[in-house]
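**Q** File target15.cif follows (mmCIF, C-alpha atoms):
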```cif
data_coords
#
loop_
_atom_site.label_atom_id
_atom_site.label_comp_id
_atom_site.auth_asym_id
_atom_site.auth_seq_id
_atom_site.Cartn_x
_atom_site.Cartn_y
_atom_site.Cartn_z
CA MET A 1 -19.95 -6.60 10.14
CA VAL A 2 -17.58 -3.71 9.85
CA GLN A 3 -17.73 -1.94 6.53
CA TYR A 4 -14.44 -0.98 4.99
CA PHE A 5 -13.84 2.04 2.89
CA SER A 6 -11.49 1.61 0.05
CA PRO A 7 -8.52 3.81 0.96
CA PRO A 8 -10.05 7.23 1.68
CA LEU A 9 -7.04 9.07 0.32
CA ASP A 10 -8.86 10.26 -2.78
CA THR A 11 -11.56 11.93 -0.73
CA ALA A 12 -9.04 13.34 1.73
CA PHE A 13 -7.02 14.55 -1.21
CA ALA A 14 -9.97 16.44 -2.66
CA ALA A 15 -10.85 17.83 0.76
CA LEU A 16 -7.33 19.12 1.32
CA SER A 17 -7.01 20.74 -2.09
CA ASP A 18 -8.83 23.81 -0.77
CA ALA A 19 -6.97 26.48 1.20
CA THR A 20 -9.96 27.34 3.42
CA ARG A 21 -10.45 23.72 4.38
CA ARG A 22 -6.78 23.35 5.21
CA GLY A 23 -7.12 26.47 7.35
CA VAL A 24 -10.12 24.99 9.12
CA LEU A 25 -8.12 21.87 9.94
CA GLU A 26 -5.29 23.96 11.35
CA GLN A 27 -7.77 25.89 13.45
CA LEU A 28 -9.40 22.71 14.73
CA ALA A 29 -5.99 21.27 15.54
CA ARG A 30 -5.70 24.12 18.05
CA SER A 31 -9.21 23.79 19.49
CA ASP A 32 -12.71 22.57 18.73
CA ALA A 33 -15.05 25.20 17.29
CA SER A 34 -18.66 25.65 16.26
CA ILE A 35 -19.59 26.18 12.62
CA THR A 36 -20.60 29.74 13.47
CA GLU A 37 -17.20 30.46 15.00
CA LEU A 38 -15.46 29.00 11.98
CA ALA A 39 -17.64 31.00 9.57
CA ASP A 40 -16.69 34.18 11.47
CA ALA A 41 -13.01 33.33 11.58
CA PHE A 42 -12.90 32.73 7.83
CA HIS A 43 -15.28 35.61 6.92
CA MET A 44 -17.78 33.30 5.32
CA THR A 45 -21.49 32.71 5.37
CA LEU A 46 -22.79 29.94 7.58
CA THR A 47 -23.96 28.04 4.49
CA GLY A 48 -20.52 28.27 2.88
CA MET A 49 -18.79 26.97 6.00
CA LYS A 50 -21.36 24.18 6.37
CA LYS A 51 -20.44 23.01 2.88
CA HIS A 52 -16.72 22.96 3.68
CA ILE A 53 -17.34 21.08 6.91
CA GLY A 54 -19.49 18.60 4.99
CA VAL A 55 -16.60 17.86 2.63
CA LEU A 56 -14.15 17.47 5.51
CA GLU A 57 -16.58 15.24 7.36
CA GLU A 58 -17.04 13.01 4.36
CA ALA A 59 -13.29 12.65 4.05
CA GLY A 60 -13.13 11.57 7.68
CA LEU A 61 -11.00 14.58 8.58
CA VAL A 62 -13.54 16.29 10.81
CA ALA A 63 -16.23 14.98 13.14
CA THR A 64 -19.18 17.09 14.24
CA GLU A 65 -21.59 16.83 17.12
CA LYS A 66 -24.75 18.79 17.66
CA VAL A 67 -25.49 19.86 21.20
CA GLY A 68 -28.66 21.91 21.46
CA ARG A 69 -28.51 24.37 18.58
CA VAL A 70 -24.74 24.40 18.26
CA ARG A 71 -22.81 22.07 15.99
CA THR A 72 -19.29 21.60 17.30
CA CYS A 73 -16.47 20.50 14.99
CA ARG A 74 -13.31 18.70 15.97
CA LEU A 75 -10.56 16.88 14.17
CA GLY A 76 -11.61 13.36 13.44
CA GLY A 77 -10.75 10.28 11.54
CA ARG A 78 -7.16 10.20 12.62
CA ALA A 79 -7.14 6.42 12.48
CA LEU A 80 -8.61 6.43 9.01
CA LEU A 81 -6.06 8.90 7.77
CA GLU A 82 -3.20 7.03 9.36
CA GLU A 83 -4.48 3.89 7.75
CA ALA A 84 -4.63 5.62 4.37
CA ALA A 85 -1.11 6.97 4.75
CA TRP A 86 0.14 3.55 5.85
CA ILE A 87 -1.48 1.86 2.86
CA GLU A 88 0.10 4.42 0.54
CA ASN A 89 3.53 3.73 2.05
CA TYR A 90 3.03 0.00 1.84
CA ARG A 91 1.92 0.32 -1.76
CA ASN A 92 5.09 2.27 -2.55
CA LEU A 93 7.21 -0.48 -0.99
CA TRP A 94 5.52 -3.20 -3.02
CA ALA A 95 5.57 -1.15 -6.22
CA ALA A 96 9.35 -0.66 -5.84
CA ARG A 97 9.83 -4.33 -5.03
CA PHE A 98 7.76 -5.37 -8.03
CA GLU A 99 9.86 -3.26 -10.37
CA GLY A 100 12.81 -5.41 -9.34
CA LEU A 101 10.69 -8.49 -9.91
CA ASP A 102 9.82 -7.25 -13.42
CA GLU A 103 13.53 -7.22 -14.23
CA VAL A 104 14.06 -10.72 -12.88
CA ILE A 105 11.14 -12.03 -14.96
CA GLU A 106 12.55 -10.35 -18.08
CA GLN A 107 15.90 -12.03 -17.45
CA LEU A 108 14.24 -15.42 -16.97
CA LYS A 109 12.27 -14.94 -20.18
CA ARG A 110 15.43 -14.09 -22.12
CA LYS A 111 17.22 -17.09 -20.65
CA GLU A 112 14.38 -19.37 -21.69
CA ALA A 113 14.34 -17.92 -25.18
CA THR A 114 18.09 -18.56 -25.53
CA HIS A 115 18.34 -21.95 -23.92
CA GLY A 116 14.94 -23.40 -24.67
CA ARG A 117 12.80 -24.69 -21.85
CA GLN A 118 15.01 -27.50 -20.59
CA ARG A 119 15.69 -27.73 -16.87
CA LYS A 120 18.75 -26.13 -15.38
CA MET B 1 -1.45 -14.03 -31.00
CA ASP B 2 1.20 -13.76 -33.74
CA ALA B 3 -0.47 -10.67 -35.11
CA ASN B 4 0.41 -8.98 -31.82
CA ALA B 5 4.07 -9.89 -32.00
CA ASN B 6 5.13 -6.39 -33.02
CA LYS B 7 2.95 -4.55 -30.58
CA PRO B 8 4.63 -3.12 -27.52
CA ALA B 9 4.41 -5.23 -24.41
CA PRO B 10 1.30 -4.51 -22.32
CA ALA B 11 1.75 -1.70 -19.84
CA LYS B 12 3.17 -2.76 -16.54
CA GLY B 13 0.49 -3.51 -14.02
CA LYS B 14 -0.36 -1.14 -11.25
CA THR B 15 0.28 -2.24 -7.73
CA LYS B 16 -2.92 -2.26 -5.74
CA VAL B 17 -3.06 -2.43 -1.96
CA GLU B 18 -6.38 -2.67 -0.13
CA ARG B 19 -7.56 -3.45 3.33
CA THR B 20 -10.27 -5.91 2.47
CA GLY B 21 -11.40 -6.73 5.99
CA ASP B 22 -10.76 -6.47 9.71
CA ARG B 23 -7.73 -8.74 9.56
CA GLU B 24 -6.81 -8.73 5.92
CA ILE B 25 -4.74 -6.83 3.38
CA VAL B 26 -4.61 -7.72 -0.30
CA ILE B 27 -1.82 -6.67 -2.66
CA SER B 28 -2.12 -7.35 -6.37
CA ARG B 29 -0.19 -6.68 -9.55
CA THR B 30 0.04 -8.09 -13.08
CA PHE B 31 3.39 -9.20 -14.54
CA ASN B 32 4.48 -9.68 -18.12
CA GLY B 33 5.43 -13.32 -18.08
CA PRO B 34 4.12 -16.82 -17.54
CA ALA B 35 3.23 -18.02 -14.05
CA ARG B 36 6.08 -20.56 -13.96
CA LEU B 37 8.68 -17.76 -14.22
CA VAL B 38 6.98 -15.52 -11.68
CA PHE B 39 6.78 -18.52 -9.37
CA GLU B 40 10.47 -19.28 -9.97
CA ALA B 41 11.39 -15.71 -9.00
CA TRP B 42 9.49 -16.13 -5.69
CA THR B 43 10.96 -19.50 -4.80
CA THR B 44 14.64 -19.28 -5.79
CA PRO B 45 16.79 -17.69 -3.06
CA GLU B 46 19.40 -16.34 -5.51
CA LEU B 47 16.64 -14.58 -7.42
CA LEU B 48 14.79 -13.36 -4.31
CA LYS B 49 18.05 -11.78 -3.23
CA THR B 50 18.09 -9.60 -6.34
CA TRP B 51 14.60 -8.13 -6.04
CA TRP B 52 13.07 -8.50 -2.58
CA VAL B 53 14.63 -5.37 -1.08
CA PRO B 54 14.13 -2.23 -3.17
CA LYS B 55 17.41 -0.35 -3.62
CA SER B 56 15.72 2.86 -2.48
CA THR B 57 15.45 1.50 1.07
CA GLY B 58 19.24 1.58 1.45
CA MET B 59 19.11 -2.01 2.66
CA MET B 60 20.05 -5.30 1.11
CA LEU B 61 19.35 -8.96 1.72
CA ALA B 62 22.47 -10.19 3.48
CA SER B 63 21.25 -13.75 3.40
CA CYS B 64 18.26 -15.57 2.09
CA THR B 65 17.41 -19.20 2.62
CA ALA B 66 14.15 -20.82 1.54
CA ASP B 67 13.31 -24.50 1.77
CA VAL B 68 10.27 -24.24 -0.45
CA ARG B 69 8.14 -27.23 0.48
CA PRO B 70 5.31 -27.68 2.99
CA GLY B 71 6.80 -27.31 6.47
CA GLY B 72 10.08 -25.97 5.07
CA GLN B 73 11.55 -22.84 6.63
CA TYR B 74 12.71 -19.57 5.19
CA ARG B 75 14.82 -16.79 6.62
CA PHE B 76 15.60 -13.40 5.06
CA GLU B 77 18.23 -11.27 6.81
CA PHE B 78 18.39 -7.58 6.03
CA ALA B 79 21.53 -5.53 6.30
CA ARG B 80 22.28 -1.85 6.23
CA GLU B 81 25.88 -0.67 5.87
CA GLY B 82 27.12 -4.19 6.29
CA SER B 83 25.37 -5.13 9.54
CA VAL B 84 22.29 -7.28 9.86
CA ILE B 85 19.47 -5.19 11.30
CA MET B 86 16.44 -7.46 11.07
CA ALA B 87 15.19 -10.79 9.85
CA PHE B 88 11.96 -12.19 8.42
CA PHE B 89 11.35 -15.86 8.99
CA GLY B 90 8.67 -18.49 9.01
CA ARG B 91 7.47 -21.68 7.36
CA TYR B 92 5.84 -22.61 4.11
CA LEU B 93 2.43 -24.18 4.68
CA GLU B 94 1.44 -24.89 1.09
CA VAL B 95 3.51 -25.09 -2.07
CA VAL B 96 1.66 -25.70 -5.35
CA PRO B 97 3.87 -24.82 -8.34
CA PRO B 98 3.20 -22.62 -10.21
CA THR B 99 -0.10 -21.40 -8.77
CA LYS B 100 0.04 -21.05 -5.00
CA LEU B 101 2.33 -20.44 -2.03
CA VAL B 102 1.28 -20.05 1.61
CA TRP B 103 3.69 -19.10 4.38
CA THR B 104 3.74 -17.89 7.96
CA ASN B 105 5.50 -14.76 9.23
CA GLU B 106 6.90 -15.66 12.62
CA GLU B 107 9.13 -12.70 13.45
CA SER B 108 6.25 -11.34 15.55
CA PRO B 109 3.36 -13.05 17.36
CA ASP B 110 1.09 -10.72 15.39
CA GLY B 111 2.55 -11.78 12.05
CA SER B 112 0.25 -12.64 9.17
CA VAL B 113 -0.26 -15.81 7.23
CA THR B 114 0.40 -14.90 3.61
CA THR B 115 -1.26 -16.59 0.66
CA LEU B 116 0.21 -15.86 -2.74
CA THR B 117 -1.58 -16.93 -5.90
CA PHE B 118 -0.38 -16.81 -9.51
CA GLU B 119 -3.08 -16.67 -12.21
CA GLU B 120 -1.86 -16.90 -15.76
CA ARG B 121 -3.82 -14.75 -18.20
CA GLY B 122 -2.49 -14.99 -21.73
CA ASP B 123 1.11 -13.77 -21.60
CA THR B 124 0.67 -12.18 -18.19
CA THR B 125 0.32 -13.38 -14.64
CA LEU B 126 -1.89 -11.80 -12.01
CA LEU B 127 -0.21 -12.01 -8.66
CA THR B 128 -2.38 -11.70 -5.55
CA LEU B 129 -0.89 -11.58 -2.09
CA ARG B 130 -3.31 -11.93 0.79
CA GLU B 131 -2.07 -11.22 4.30
CA VAL B 132 -4.34 -12.42 7.09
CA TYR B 133 -3.46 -11.18 10.58
CA PRO B 134 -4.41 -12.97 13.81
CA SER B 135 -6.79 -10.21 14.92
CA LYS B 136 -8.22 -6.83 13.92
CA GLU B 137 -6.18 -5.30 16.75
CA ALA B 138 -2.96 -6.77 15.37
CA LEU B 139 -3.56 -5.19 11.97
CA ASP B 140 -4.78 -1.87 13.43
CA GLU B 141 -1.62 -1.74 15.51
CA ILE B 142 0.60 -2.30 12.49
CA MET B 143 -1.22 0.32 10.42
CA GLY B 144 -1.50 2.99 13.08
CA GLY B 145 1.55 2.03 15.09
CA THR B 146 3.64 4.95 13.91
CA ASP B 147 2.08 7.06 16.68
CA GLY B 148 2.78 10.11 14.58
CA GLY B 149 -0.39 11.98 15.42
CA MET B 150 -2.61 14.06 13.23
CA GLU B 151 -0.03 16.67 12.42
CA GLU B 152 2.46 14.26 10.95
CA THR B 153 -0.26 12.49 9.03
CA LEU B 154 -1.40 15.75 7.52
CA ASP B 155 2.20 16.61 6.66
CA GLN B 156 2.54 13.31 4.88
CA LEU B 157 -0.65 13.92 2.97
CA GLU B 158 0.40 17.40 2.06
CA ALA B 159 3.71 16.11 0.71
CA LEU B 160 1.81 13.53 -1.27
CA LEU B 161 -0.51 16.21 -2.66
CA ALA B 162 2.41 18.37 -3.73
CA GLU B 163 4.03 15.40 -5.42
CA LYS B 164 0.89 14.42 -7.32
CA ARG B 165 0.26 17.99 -8.31
CA ALA B 166 3.79 18.44 -9.60
CA ALA B 167 3.48 15.19 -11.54
CA ASN B 168 0.32 16.55 -13.14
CA GLY B 169 2.03 19.65 -14.50
CA GLY B 170 1.16 21.85 -11.52
CA LYS B 171 -2.58 21.21 -11.71
CA TRP B 172 -4.67 19.25 -9.24
CA PRO B 173 -5.36 15.86 -10.73
CA GLU B 174 -8.95 14.66 -10.62
CA ARG B 175 -8.02 11.64 -8.62
CA LEU B 176 -5.01 10.42 -6.75
CA ARG B 177 -4.79 7.23 -8.72
CA GLY B 178 -5.84 6.58 -12.28
#
```
If you convert what's in this file into structure tokens, what do you get?

**A**
Amino acid sequence: MVQYFSPPLDTAFAALSDATRRGVLEQLARSDASITELADAFHMTLTGMKKHIGVLEEAGLVATEKVGRVRTCRLGGRALLEEAAWIENYRNLWAARFEGLDEVIEQLKRKEATHGRQRK
Amino acid sequence: MDANANKPAPAKGKTKVERTGDREIVISRTFNGPARLVFEAWTTPELLKTWWVPKSTGMMLASCTADVRPGGQYRFEFAREGSVIMAFFGRYLEVVPPTKLVWTNEESPDGSVTTLTFEERGDTTLLTLREVYPSKEALDEIMGGTDGGMEETLDQLEALLAEKRAANGGKWPERLRG
């Protein structure tokens, strides 16, 4: 059985709210990099960068792979993110549609109140 | 019940959209009104015409026919600037007023079968729309089919972040949705 996340936007949202992590994503969009390279590029300790990568990984934005002693990071989870963005768009469509439906229901309620419940 | 007569109407429901499985999407929302009226709004072409296409899309329903009975067909034609640009069509499989509607979406071979249920709860009705696609691949294709790539996706997310942040008085909200 495939396990589904509820839309991962919240996690992605939290992950992207940090300037360093956004920078890391931009960097990885250009090329894969090890955690050490990223720590150097962003003038951080290895531990600090590991934490950021952990957050990005959890959000499905980055995937890592350990080869020997080097952990390489690359952009990941594109499908997940696309799915999240799609769901958000779809939700917006339905929310807008349902606002129109709210109005129609209000009109029907008023009509019933005025004319009683007899058939048209 | 009468004691509540002067209270404001319950807050409008929030629209929820979830992928609940490989082939399935569920949309739900609560409405202030009895199931029979919500059902009427979904099954009367003149009413569907007034709400099905949000004004913000710049489109309108040029025509809408719905023969709401098992086996009956429906067809919604969408127009932009006066010309018809696409159509949704299919058949009703089940019609149980005022609790259930099932229809097919036949504009594409990968269209879903949609089950709509109306559950009356006091003065409100919980509407649940379940779309079941023919395969996981069909749904994946629809969801990821924009082919926008990571960059565009990130741009979209960033725009969303900015919007949510602005709506929260310039501060990062704890969560995207309440």

**Q** Would you please work out which residue, of A:Ala29, A:Leu108, A:Val24, A:Ala12, is nearest to Ile53 in chain A when using only C-alpha atoms?

**A**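 Once distances to Ile53 in chain A are computed over only C-alpha atoms, the minimum belongs to A:Val24.
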
**Q** Do you have the CA of Asp22 in chain B-CA of Met143 in chain B distance handy?

**A**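 Computing the Euclidean distance for CA of Asp22 in chain B and CA of Met143 in chain B yields 11.7 Å.
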
**Q** May I ask for the distance between CA of Ile35 in chain A and CA of Cys73 in chain A, given in Å to one decimal place?

**A**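 Distance reported for this atom pair: 6.9 Å.
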
**Q** Could you check which of B:Thr99, B:Ser112, B:Thr57, B:Thr65 is closest to chain A, using only C-alpha atoms?

**A** B:Thr57

**Q** Could you list as a list in words every residue that has an atom within 12 Å of (1.2, -12.3, 14.9), using the file's coordinates and counting all atoms listed in the file?

**A**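 Residues with an atom at most 12 Å from (1.2, -12.3, 14.9): Arg23, Gly90, Thr104, Asn105, Glu106, Glu107, Ser108, Pro109, Asp110, Gly111, Ser112, Val113, Thr114, Glu131, Val132, Tyr133, Pro134, Ser135, Lys136, Glu137, Ala138, Leu139, Glu141 and Ile142 of chain B.
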
**Q** Name the residues that the PyMOL selection byres ((chain B and resi 44-51) around 10) picks from the file above, as a ChimeraX atom specification, using the file's chain letters and numbers.

**A** /A:96-105,108 /B:39-43,52-55,60-68,74-76

**Q** List the spatial neighbours of Thr15 in chain B as an NGL selection string - criterion: any atom at most 12 Å away, all atoms listed in the file, same-chain residues fewer than 4 positions off excluded.

**A** (:A and (87-99)) or (:B and (26-31 or 126-129 or 177-178))

**Q** Apply the PyMOL selection byres ((chain B and resi 70) around 9) to the structure shown and report the selected residues as number ranges by chain.

**A** B: 67-69, 71-73, 91-95, 102-103

**Q** Could those residues be written to a file, using C-alpha atoms, as an mmCIF file, in the frame of the given file?

**A**
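Done, and the output landed in result_8.cif:
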```
data_model
loop_
_atom_site.group_PDB
_atom_site.id
_atom_site.type_symbol
_atom_site.label_atom_id
_atom_site.label_comp_id
_atom_site.auth_asym_id
_atom_site.auth_seq_id
_atom_site.Cartn_x
_atom_site.Cartn_y
_atom_site.Cartn_z
ATOM 1 C CA ASP B 67 13.310 -24.500 1.770
ATOM 2 C CA VAL B 68 10.270 -24.240 -0.450
ATOM 3 C CA ARG B 69 8.140 -27.230 0.480
ATOM 4 C CA GLY B 71 6.800 -27.310 6.470
ATOM 5 C CA GLY B 72 10.080 -25.970 5.070
ATOM 6 C CA GLN B 73 11.550 -22.840 6.630
ATOM 7 C CA ARG B 91 7.470 -21.680 7.360
ATOM 8 C CA TYR B 92 5.840 -22.610 4.110
ATOM 9 C CA LEU B 93 2.430 -24.180 4.680
ATOM 10 C CA GLU B 94 1.440 -24.890 1.090
ATOM 11 C CA VAL B 95 3.510 -25.090 -2.070
ATOM 12 C CA VAL B 102 1.280 -20.050 1.610
ATOM 13 C CA TRP B 103 3.690 -19.100 4.380
#
```

**Q** Quick one: everything within 9 Å of Leu56 in chain A, counting all atoms listed in the file, minus sequence neighbours fewer than 2 positions away in the same chain. Send it as JSON, numbers by chain.

**A** {"A": [11, 12, 15, 16, 21, 25, 51, 52, 53, 54, 58, 59, 60, 61, 62, 63]}

**Q** Could you work out how far CA of Val17 in chain B lies from CA of Ala35 in chain B, giving the answer in Å with one decimal?

**A** 20.7 Å

**Q** For chain B, which of A:His43, A:His115, A:Lys109, A:Arg74 is the closest residue, counting only C-alpha atoms?

**A**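 Among the listed residues, the smallest separation from chain B belongs to A:Lys109.
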
**Q** Using all atoms listed in the file, pick whichever of A:Thr47, A:Thr20, A:Gln107, A:Ser34 has the shortest atom-to-atom distance to chain B.

**A** A:Gln107

**Q** Compare A:Gln27, A:Thr64, A:Ala85, A:Gly116 by their minimum atom-to-atom distance to chain B, counting all atoms listed in the file, and give me the closest one.

**A**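 Counting all atoms listed in the file, the residue closest to chain B is A:Ala85.
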
**Q** Nearest residue to chain A out of B:Leu37, B:Ala167, B:Met59, B:Ile25, using all atoms listed in the file?

**A**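 So, comparing all the options, the nearest one is B:Leu37.
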